[in-house]
Each structure stands twice: as C-alpha cells, then as structure tokens.
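Engineer: See target21.txt below, with compact mmCIF, C-alpha atoms.
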```
# COMPACT_ATOMS: atom_id res chain seq x y z
CA MET W 121 40.33 -3.12 139.89
CA ASP W 122 38.12 -6.07 138.94
CA ASP W 123 38.88 -8.64 141.64
CA HIS W 124 38.47 -11.45 139.09
CA LEU W 125 41.07 -9.99 136.74
CA ARG W 126 43.89 -12.46 136.13
CA ILE W 127 47.25 -10.84 135.45
CA ALA W 128 50.56 -12.51 134.64
CA VAL W 129 53.61 -10.41 135.56
CA LEU W 130 56.69 -11.38 133.54
CA MET W 131 59.96 -10.72 135.36
CA GLY W 132 63.57 -11.88 135.45
CA GLY W 133 64.50 -12.84 131.92
CA PRO W 134 67.79 -13.84 130.30
CA SER W 135 69.35 -10.38 129.97
CA ALA W 136 72.05 -8.59 131.95
CA GLU W 137 69.24 -6.68 133.68
CA ARG W 138 67.67 -9.77 135.25
CA GLU W 139 68.07 -8.71 138.89
CA VAL W 140 66.55 -5.28 138.27
CA SER W 141 63.67 -6.93 136.41
CA LEU W 142 62.94 -9.22 139.34
CA ARG W 143 62.67 -6.18 141.59
CA SER W 144 60.40 -4.37 139.13
CA GLY W 145 58.18 -7.40 138.73
CA ALA W 146 57.84 -7.97 142.47
CA ALA W 147 56.80 -4.35 143.04
CA ILE W 148 54.28 -4.42 140.19
CA ALA W 149 52.76 -7.74 141.33
CA ALA W 150 52.36 -6.48 144.89
CA ALA W 151 50.72 -3.26 143.68
CA LEU W 152 48.24 -5.13 141.47
CA GLU W 153 47.38 -7.47 144.33
CA ARG W 154 46.67 -4.45 146.53
CA LEU W 155 44.19 -3.38 143.85
CA GLY W 156 42.45 -6.74 144.14
CA ALA W 157 43.67 -8.54 141.03
CA SER W 158 44.69 -12.20 140.90
CA VAL W 159 48.39 -12.09 140.02
CA THR W 160 50.64 -14.85 138.75
CA ARG W 161 54.36 -14.07 139.06
CA ILE W 162 56.34 -15.66 136.20
CA ASP W 163 60.12 -15.78 136.48
CA VAL W 164 61.29 -16.01 132.88
CA THR W 165 64.61 -17.87 132.86
CA GLY W 166 65.19 -18.35 129.13
CA THR W 167 63.64 -17.39 125.82
CA VAL W 168 60.67 -19.76 126.03
CA LEU W 169 57.47 -18.21 127.34
CA ARG W 170 55.08 -20.37 129.35
CA LEU W 171 51.86 -18.73 130.52
CA PRO W 172 48.87 -20.05 132.46
CA THR W 173 45.93 -20.84 130.20
CA GLU W 174 43.54 -18.43 131.96
CA ILE W 175 45.10 -14.98 131.77
CA ASP W 176 43.39 -11.66 130.99
CA VAL W 177 46.46 -9.48 130.60
CA VAL W 178 50.25 -9.75 130.72
CA PHE W 179 52.24 -7.06 132.51
CA ILE W 180 55.76 -6.98 131.09
CA ALA W 181 58.43 -6.23 133.69
CA LEU W 182 61.28 -7.71 131.62
CA HIS W 183 64.14 -5.31 130.96
CA GLY W 184 66.78 -5.73 128.27
CA THR W 185 67.03 -8.36 125.56
CA PHE W 186 64.04 -10.64 125.00
CA GLY W 187 61.73 -8.53 127.17
CA GLU W 188 62.27 -5.06 125.79
CA ASP W 189 63.48 -5.64 122.23
CA GLY W 190 60.18 -6.70 120.66
CA THR W 191 60.68 -10.45 121.04
CA VAL W 192 58.23 -11.13 123.88
CA GLN W 193 55.89 -8.51 122.46
CA ARG W 194 55.74 -10.43 119.17
CA MET W 195 55.04 -13.69 121.04
CA LEU W 196 52.18 -12.09 122.96
CA GLU W 197 50.83 -10.37 119.87
CA ASP W 198 50.79 -13.64 117.94
CA SER W 199 49.02 -15.31 120.87
CA GLY W 200 46.29 -12.67 120.88
CA LEU W 201 47.00 -11.67 124.48
CA SER W 202 46.65 -8.21 125.98
CA TYR W 203 49.95 -6.84 127.28
CA THR W 204 51.40 -3.61 128.61
CA PHE W 205 53.63 -1.03 126.92
CA SER W 206 54.65 -0.68 123.27
CA GLY W 207 54.15 -3.15 120.44
CA PRO W 208 56.84 -5.27 118.75
CA GLU W 209 57.97 -2.77 116.11
CA ALA W 210 58.28 0.24 118.42
CA SER W 211 59.96 -1.87 121.10
CA ALA W 212 62.55 -3.19 118.64
CA LYS W 213 63.28 0.27 117.24
CA ALA W 214 63.62 1.92 120.64
CA PHE W 215 65.76 -0.88 122.04
CA ASP W 216 68.28 -0.76 119.18
CA LYS W 217 70.03 2.54 119.81
CA ILE W 218 71.24 2.71 116.20
CA LEU W 219 67.71 2.38 114.79
CA ALA W 220 66.46 4.85 117.39
CA LYS W 221 69.15 7.37 116.44
CA GLN W 222 68.17 7.09 112.79
CA ALA W 223 64.55 7.74 113.72
CA PHE W 224 65.50 10.76 115.87
CA VAL W 225 67.54 12.30 113.05
CA ALA W 226 64.78 11.69 110.49
CA ALA W 227 62.22 13.34 112.80
CA GLY W 228 64.45 16.30 113.62
CA VAL W 229 64.77 15.32 117.29
CA MET W 230 67.98 16.73 118.77
CA THR W 231 70.40 13.93 119.67
CA PRO W 232 74.21 13.76 120.03
CA ARG W 233 76.13 13.31 116.80
CA TYR W 234 77.10 9.69 116.29
CA ALA W 235 78.74 7.06 114.12
CA VAL W 236 78.50 3.28 113.92
CA VAL W 237 81.59 1.06 114.01
CA GLU W 238 82.20 -2.67 113.94
CA ARG W 239 83.61 -4.26 117.07
CA THR W 240 86.64 -5.51 115.13
CA ASP W 241 87.35 -2.16 113.45
CA ARG W 242 90.92 -0.94 113.89
CA GLN W 243 90.86 2.25 111.80
CA PHE W 244 87.65 3.85 113.14
CA VAL W 245 87.24 5.93 109.98
CA PRO W 246 83.55 6.75 110.74
CA LEU W 247 84.63 8.47 113.96
CA ARG W 248 86.78 11.09 112.27
CA LYS W 249 83.79 13.41 111.90
CA LEU W 250 83.10 13.35 115.66
CA GLN W 251 84.50 15.59 118.36
CA TRP W 252 86.09 14.17 121.50
CA PRO W 253 85.34 13.00 124.15
CA LEU W 254 83.19 10.08 122.99
CA VAL W 255 80.79 7.53 124.48
CA VAL W 256 80.87 3.94 123.19
CA LYS W 257 77.68 1.90 123.61
CA PRO W 258 76.51 -1.57 122.67
CA PRO W 259 73.29 -0.66 120.83
CA ARG W 260 71.08 -3.39 122.28
CA GLN W 261 71.61 -3.21 126.03
CA GLY W 262 69.99 -1.20 128.81
CA SER W 263 70.91 0.11 132.28
CA SER W 264 74.19 1.48 130.84
CA VAL W 265 75.55 -2.09 130.49
CA GLY W 266 78.77 -2.04 128.46
CA VAL W 267 78.86 1.77 128.11
CA GLU W 268 82.37 3.28 128.07
CA LEU W 269 83.51 6.91 128.19
CA VAL W 270 86.55 7.61 126.02
CA GLU W 271 88.62 10.73 126.65
CA LYS W 272 91.49 10.14 124.20
CA PRO W 273 92.09 8.09 121.01
CA GLU W 274 94.50 5.62 122.61
CA ASP W 275 91.69 4.38 124.87
CA LEU W 276 89.23 3.74 122.06
CA GLN W 277 90.30 0.18 121.28
CA HIS W 278 89.84 -0.95 124.88
CA ALA W 279 86.42 0.72 125.09
CA CYS W 280 85.30 -1.07 121.95
CA MET W 281 86.49 -4.38 123.39
CA VAL W 282 84.41 -3.81 126.54
CA ALA W 283 81.29 -2.72 124.68
CA GLY W 284 81.92 -5.39 122.06
CA GLN W 285 81.26 -8.13 124.61
CA TYR W 286 77.58 -7.35 124.10
CA ASP W 287 77.29 -6.60 120.37
CA ASP W 288 79.23 -6.73 117.12
CA ARG W 289 78.15 -3.24 116.02
CA LEU W 290 78.77 -0.32 118.34
CA LEU W 291 77.22 3.12 118.63
CA VAL W 292 79.72 5.92 119.26
CA GLU W 293 78.39 9.33 120.28
CA GLU W 294 79.87 12.70 121.05
CA ARG W 295 79.66 13.09 124.81
CA ILE W 296 77.37 15.89 125.94
CA ALA W 297 78.78 17.46 129.11
CA GLY W 298 76.13 18.98 131.34
CA ARG W 299 73.03 18.10 133.34
CA GLU W 300 71.10 14.84 132.96
CA PHE W 301 67.32 14.56 132.92
CA THR W 302 64.61 12.01 132.33
CA VAL W 303 61.02 12.51 131.23
CA ALA W 304 58.30 9.87 131.42
CA VAL W 305 55.63 9.99 128.72
CA LEU W 306 52.28 8.56 129.80
CA ASP W 307 49.28 8.48 127.44
CA GLU W 308 50.96 10.94 125.07
CA ARG W 309 51.59 13.53 127.78
CA ALA W 310 54.87 14.29 129.48
CA LEU W 311 55.09 13.85 133.25
CA PRO W 312 57.20 16.15 135.46
CA VAL W 313 60.87 16.33 134.50
CA ILE W 314 63.38 14.63 136.82
CA GLU W 315 67.01 15.74 137.13
CA VAL W 316 69.53 12.98 137.79
CA ARG W 317 72.62 13.99 139.77
CA SER W 318 75.16 11.23 140.25
CA ASN W 319 78.55 11.30 141.95
CA HIS W 320 79.80 9.00 139.17
CA THR W 321 81.34 10.21 135.93
CA PHE W 322 78.09 9.22 134.27
CA PHE W 323 74.84 7.55 135.29
CA ASP W 324 76.13 3.98 135.05
CA TYR W 325 74.72 0.69 136.38
CA GLU W 326 76.16 1.14 139.87
CA ALA W 327 74.91 4.72 140.10
CA LYS W 328 71.43 3.64 139.02
CA TYR W 329 70.99 0.76 141.42
CA THR W 330 73.14 1.52 144.48
CA LYS W 331 71.41 3.45 147.23
CA GLY W 332 72.95 6.84 147.94
CA LYS W 333 74.96 7.04 144.71
CA THR W 334 72.50 9.33 142.92
CA GLU W 335 70.25 12.24 143.81
CA TYR W 336 66.92 12.70 142.00
CA LEU W 337 65.29 16.13 141.88
CA VAL W 338 61.53 15.87 141.29
CA PRO W 339 60.44 18.11 139.72
CA ALA W 340 63.72 19.24 138.18
CA PRO W 341 64.82 22.80 139.04
CA LEU W 342 64.30 24.28 135.58
CA GLU W 343 62.78 27.47 134.27
CA ASP W 344 59.42 27.01 132.57
CA LYS W 345 60.81 27.41 129.07
CA ALA W 346 63.50 24.76 129.61
CA ARG W 347 61.05 22.36 131.27
CA GLU W 348 58.62 22.71 128.38
CA ARG W 349 61.44 22.13 125.89
CA ALA W 350 62.51 18.92 127.64
CA GLN W 351 58.94 17.64 127.74
CA GLU W 352 58.35 18.53 124.10
CA LEU W 353 61.50 16.68 123.02
CA ALA W 354 60.52 13.64 125.07
CA LEU W 355 57.08 13.55 123.46
CA ARG W 356 58.55 13.83 119.97
CA ALA W 357 61.05 11.04 120.67
CA HIS W 358 58.27 8.80 122.05
CA GLU W 359 56.06 9.50 119.04
CA CYS W 360 58.68 9.16 116.31
CA LEU W 361 59.45 5.62 117.50
CA GLY W 362 55.76 4.70 117.60
CA CYS W 363 55.68 4.06 121.35
CA ARG W 364 52.44 3.75 123.28
CA ASP W 365 51.17 3.77 126.88
CA LEU W 366 54.40 4.68 128.65
CA SER W 367 58.08 5.29 127.98
CA ARG W 368 60.96 7.01 129.72
CA VAL W 369 63.10 9.38 127.68
CA ASP W 370 66.64 10.20 128.85
CA LEU W 371 68.13 13.58 127.93
CA MET W 372 71.23 15.70 128.45
CA MET W 373 71.38 19.49 128.61
CA ASP W 374 74.64 21.10 127.52
CA GLY W 375 76.19 24.31 128.82
CA THR W 376 74.16 26.44 126.41
CA GLY W 377 70.85 25.04 127.64
CA GLU W 378 70.22 22.86 124.58
CA PHE W 379 68.62 19.46 125.21
CA TYR W 380 69.63 16.23 123.46
CA VAL W 381 67.72 12.93 123.53
CA LEU W 382 69.94 9.96 124.46
CA GLU W 383 67.45 7.09 124.32
CA VAL W 384 63.89 5.92 124.93
CA ASN W 385 63.12 3.09 127.35
CA THR W 386 59.91 1.19 126.56
CA VAL W 387 59.97 -1.03 129.69
CA PRO W 388 61.53 1.30 132.27
CA GLY W 389 62.44 0.33 135.81
CA PHE W 390 59.35 -0.17 137.95
CA THR W 391 60.38 -0.53 141.55
CA GLU W 392 58.58 1.91 143.81
CA THR W 393 61.73 4.05 143.90
CA SER W 394 62.37 3.98 140.12
CA LEU W 395 62.25 7.13 138.02
CA VAL W 396 58.88 6.63 136.32
CA PRO W 397 56.98 6.00 139.58
CA LYS W 398 58.70 9.10 141.04
CA ALA W 399 57.46 11.19 138.10
CA ALA W 400 53.97 9.71 138.39
CA ARG W 401 53.83 10.56 142.11
CA ALA W 402 54.88 14.12 141.30
CA ALA W 403 51.92 14.24 138.91
CA GLY W 404 49.56 12.98 141.62
CA MET W 405 49.41 9.31 140.59
CA SER W 406 50.21 6.57 143.12
CA PHE W 407 52.25 3.51 142.22
CA GLU W 408 49.13 1.32 142.42
CA HIS W 409 47.17 3.68 140.21
CA LEU W 410 49.97 3.75 137.65
CA CYS W 411 50.17 -0.05 137.45
CA GLY W 412 46.40 -0.38 137.29
CA HIS W 413 46.15 2.29 134.61
CA LEU W 414 48.63 0.44 132.38
CA VAL W 415 46.58 -2.75 132.77
CA LYS W 416 43.47 -0.83 131.78
CA ARG W 417 45.21 0.52 128.67
CA ALA W 418 46.31 -2.97 127.66
CA LEU W 419 42.82 -4.42 128.08
CA ALA W 420 41.19 -1.53 126.22
CA ARG W 421 43.11 -2.53 123.09
CA ARG W 422 41.12 -5.79 123.18
CA GLY W 423 37.83 -4.05 123.85
CA ARG W 424 37.68 -4.59 127.62
CA GLN W 425 37.13 -1.90 130.23
CA PRO W 426 37.86 -3.19 133.75
CA ALA W 427 36.99 -1.23 136.85
CA LEU W 428 39.94 0.59 138.41
CA VAL W 429 40.78 1.58 141.91
CA THR W 430 42.58 4.91 141.77
CA ALA W 431 44.69 4.31 144.88
```
Output the file's structure in the form of structure tokens.
Structural biologist:
Amino acid sequence: MDDHLRIAVLMGGPSAEREVSLRSGAAIAAALERLGASVTRIDVTGTVLRLPTEIDVVFIALHGTFGEDGTVQRMLEDSGLSYTFSGPEASAKAFDKILAKQAFVAAGVMTPRYAVVERTDRQFVPLRKLQWPLVVKPPRQGSSVGVELVEKPEDLQHACMVAGQYDDRLLVEERIAGREFTVAVLDERALPVIEVRSNHTFFDYEAKYTKGKTEYLVPAPLEDKARERAQELALRAHECLGCRDLSRVDLMMDGTGEFYVLEVNTVPGFTETSLVPKAARAAGMSFEHLCGHLVKRALARRGRQPALVTA
C-alpha cells in the first residue's frame, strides 16, 4: 500500500457493541500499518465526529448505532471523504431489521415470517398469524443485543420488556430451528460459507464473543447444491438492500434444507478471528489484503488508485 496513505480508523462508538468495535478497530489499524499506511486510531466516544484535517480515507470499524445505521456514513458523505463499506441509505436499511425484512419480502428473498409490535402492546394481535416458538428482536441493534427466544405465550410480555429496552418497535419472527450459517459478500461475489455451531440455545452475544463457546466450520460441510443456494441467497440479500464492498449475511437452514436470511451486517466484526476474515482466508485472502482491498475500493470511488500490497 502507498506508504504515504493516511487512514483514519473509527472505532469504539456509543453503541452497546463498543467493546467489540474497539477490538475490530485495533486489528484493522495494525493490519493497515503492516501494509505501510499511516494510520490514525480514533476512539469515537459520542455522536460527534472529529477527524484530522489530512486524511485520505476513513475505515469504519464502528458497530451498532451511529456507526452502522447510516449516521456516520452520511457525515462522511457530506464531508466528501472516502470511506469503507456501504453508503448511508443501504446502511440504514440493513441496520433496521424491519426495513430489511420489507426489502427481503419485496425481492422474494426467503426470510422467516414476521410481525411488528409496539413495546407497550398488550394484545399482540399482529402475532396471531405466526407459529410458535418466536424470536423477539429490537430492530436497530447488532450482536444479538436484546434478542429473546419465546417458547410460550405467557413469556411474551417479559421478552418484549427486555427487547423494548433498546427500541419502541419490536420485530417478532417465527423461529427457524436448524443449522446456522453466515456468508460474506465481497465485491458482489459470495465467499465460502461458514457454519456456526454454538452450545448456546442461539448464537447470542456471549456465544459470539466468548472463546470456546462456538465452533466455526470453514468451509461449511454442505453439498454443492446447498452451498450454492446459501451463496445465491446471500448475494440477493446484499443486492436488494443496495450494499457495496462487503457485507455479512446470516442465514438459517431448517430441517427440510431450506435457507432463510436473518439479517445483513454492513460493518461486520473485524478482529482477526471474526467470521468475515475467516471466510476471506478460506478464499485465499489474508487479513491484511482484505483490509487493504477495502481501502482501495473506498478510494476508487473518489478516482484514486493506490498501490496495494497483497499480503
């Protein structure tokens, strides 16, 4: 990479995913420095963005609200700065699980049946068309924050209270029992499928970020037809939201072998042991190369073509 390239890595942020973001940002910054770039680490502690005056590109490592919901993307867009990952509109749509679900349904992308309820709802009329068990989610959180599994109706009120700490409107889905997968989409092509096997009831925050709680199979043990189906669905989900550069699409496969898209992450975890770097390595791309490639994509949108080291 151009050794004069000045990159600001945004990390931390005000969301519930702050600690994970700090880890992602530290790994990205170190990788870019190994490629020879001049890196400024910026710990974002609120919703005000302060950047050095001389910056060529911004690498977003902010997960959750502010960093992944289109807010920081809009700030950078309005400032005329090059930055990684999707633009403001796609980021906002992917981050809001309700908007994303609407886009999936409109595009014919298989996704669990769902309804939307208000946090203060007591009758739950919209849920009468759904089959139990259910999953209650705050629509604008990541890393499974606030997600509750509900096995029986008498537990629904409590689940909505827990999820309702994070949002007034709640997404309620039919739970798909089966195997869990994730597919990274890079430059409009799907990377190798990863199977996620957790010893938790579902892939929650603790399972995601506690060593030894989850097993990752890369590539996933799938027959060719199933693998191609998962990758095709991931691409369609990425495209129907208008994402660019890179996203991570989470899917479930039920007992019949049918895949369902759960959500699309536009700023996925980026520690060296996170899912996207694992998929990239399986495709022959090192962590440094992946980070450098995303910088190159961001700069190309402004007409610049920096040299890259393909480490």
Engineer: Give me, please, the distance in Å between CA of Phe179 (chain W) and CA of Ala400 (chain W), quoted to one decimal.
Structural biologist: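 So the answer is 17.9 Å.
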Engineer: Please list as a list in words every residue within 6 Å of region 256-260 of chain W, counting all atoms listed in the file and excluding residues in the same chain fewer than 5 positions away.
Structural biologist: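 Returned residues: Phe215, Asp216, Lys217, Val267, Glu268, Ala283, Asp287, Leu290, Leu291 and Val292 of chain W.
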Engineer: When you count only C-alpha atoms, which of these residues is closest to Asp275 (chain W): W:Val236, W:Leu254, W:Val369, W:Ile296?
Structural biologist: W:Leu254
Engineer: When you count only C-alpha atoms, which of these residues is closest to Glu293 (chain W): W:Glu383, W:Asp365, W:Glu153, W:Glu348?
Structural biologist: W:Glu383
Engineer: Using only C-alpha atoms, which residue out of W:Met230, W:Ile127, W:Leu269, W:Val237 lies closest to Leu155 (chain W)?
Structural biologist: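 For Leu155 (chain W), the nearest of the candidates is W:Ile127.
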Engineer: For Thr393 (chain W), which residue among W:Arg248, W:Arg143, W:Arg138, W:Arg161 is the nearest when counting only C-alpha atoms?
Structural biologist: W:Arg143
Engineer: Please determine, counting all atoms listed in the file, which residue among W:Ala128, W:Lys345, W:Asn385, W:Cys360 has the shortest atom-to-atom distance to Glu174 (chain W).
Structural biologist: W:Ala128
Engineer: As an exercise, work out the distance from CA of Ser202 (chain W) to CA of Asp176 (chain W) in Å and give it to one decimal place.
Structural biologist: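 CA of Asp176 (chain W) lies at a distance of 6.9 Å from CA of Ser202 (chain W).
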Engineer: Between CA of Phe390 (chain W) and CA of Ala297 (chain W), what is the spacing in Å?
Structural biologist: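 For CA of Ala297 (chain W) relative to CA of Phe390 (chain W), the distance reads 27.7 Å.
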Engineer: Out of W:Leu337, W:Leu171, W:Leu182, W:Ala350, which residue has the shortest atom-to-atom distance to Ile148 (chain W) when counting only C-alpha atoms?
Structural biologist: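 Checking each of W:Leu337, W:Leu171, W:Leu182, W:Ala350 against Ile148 (chain W), counting only C-alpha atoms, the winner is W:Leu182.
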Engineer: Find the spatial neighbours of Leu366 (chain W), counting only C-alpha atoms, within a cut-off of 10 Å - ignore same-chain residues fewer than 6 positions away - and output them as an mmCIF file with C-alpha atoms, keeping the file's coordinate frame.
Structural biologist:
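Once everything was written out, this is out-v4.cif:
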```cif
data_model
loop_
_atom_site.group_PDB
_atom_site.id
_atom_site.type_symbol
_atom_site.label_atom_id
_atom_site.label_comp_id
_atom_site.auth_asym_id
_atom_site.auth_seq_id
_atom_site.Cartn_x
_atom_site.Cartn_y
_atom_site.Cartn_z
ATOM 1 C CA THR W 204 51.400 -3.610 128.610
ATOM 2 C CA PHE W 205 53.630 -1.030 126.920
ATOM 3 C CA SER W 206 54.650 -0.680 123.270
ATOM 4 C CA ALA W 304 58.300 9.870 131.420
ATOM 5 C CA VAL W 305 55.630 9.990 128.720
ATOM 6 C CA LEU W 306 52.280 8.560 129.800
ATOM 7 C CA ASP W 307 49.280 8.480 127.440
ATOM 8 C CA GLU W 308 50.960 10.940 125.070
ATOM 9 C CA ARG W 309 51.590 13.530 127.780
ATOM 10 C CA ALA W 310 54.870 14.290 129.480
ATOM 11 C CA HIS W 358 58.270 8.800 122.050
ATOM 12 C CA ASN W 385 63.120 3.090 127.350
ATOM 13 C CA THR W 386 59.910 1.190 126.560
ATOM 14 C CA VAL W 387 59.970 -1.030 129.690
ATOM 15 C CA PRO W 388 61.530 1.300 132.270
ATOM 16 C CA VAL W 396 58.880 6.630 136.320
ATOM 17 C CA LEU W 414 48.630 0.440 132.380
#
```
Engineer: Could you put an axis-aligned box around every listed atom of region 168-184 of chain W, padded by 6 Å on each side, and send me its centre and edge lengths in Å to one decimal, as lines of an AutoDock Vina configuration file?
Structural biologist:
```
center_x = 55.1
center_y = -13.1
center_z = 129.9
size_x = 35.4
size_y = 27.5
size_z = 19.7
```
Engineer: Please write as a list in words the list of polymer residues whose atoms come within 10 Å of (86.0, -1.8, 117.9), counting all atoms listed in the file and keeping to the coordinates of the file.
Structural biologist: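 Protein and nucleic acid residues near the point are Val236, Val237, Glu238, Arg239, Thr240, Asp241, Arg242, Gln243, Phe244, Val256, Leu276, Gln277, His278, Ala279, Cys280, Met281, Val282, Ala283, Gly284, Asp288, Arg289 and Leu290 of chain W.
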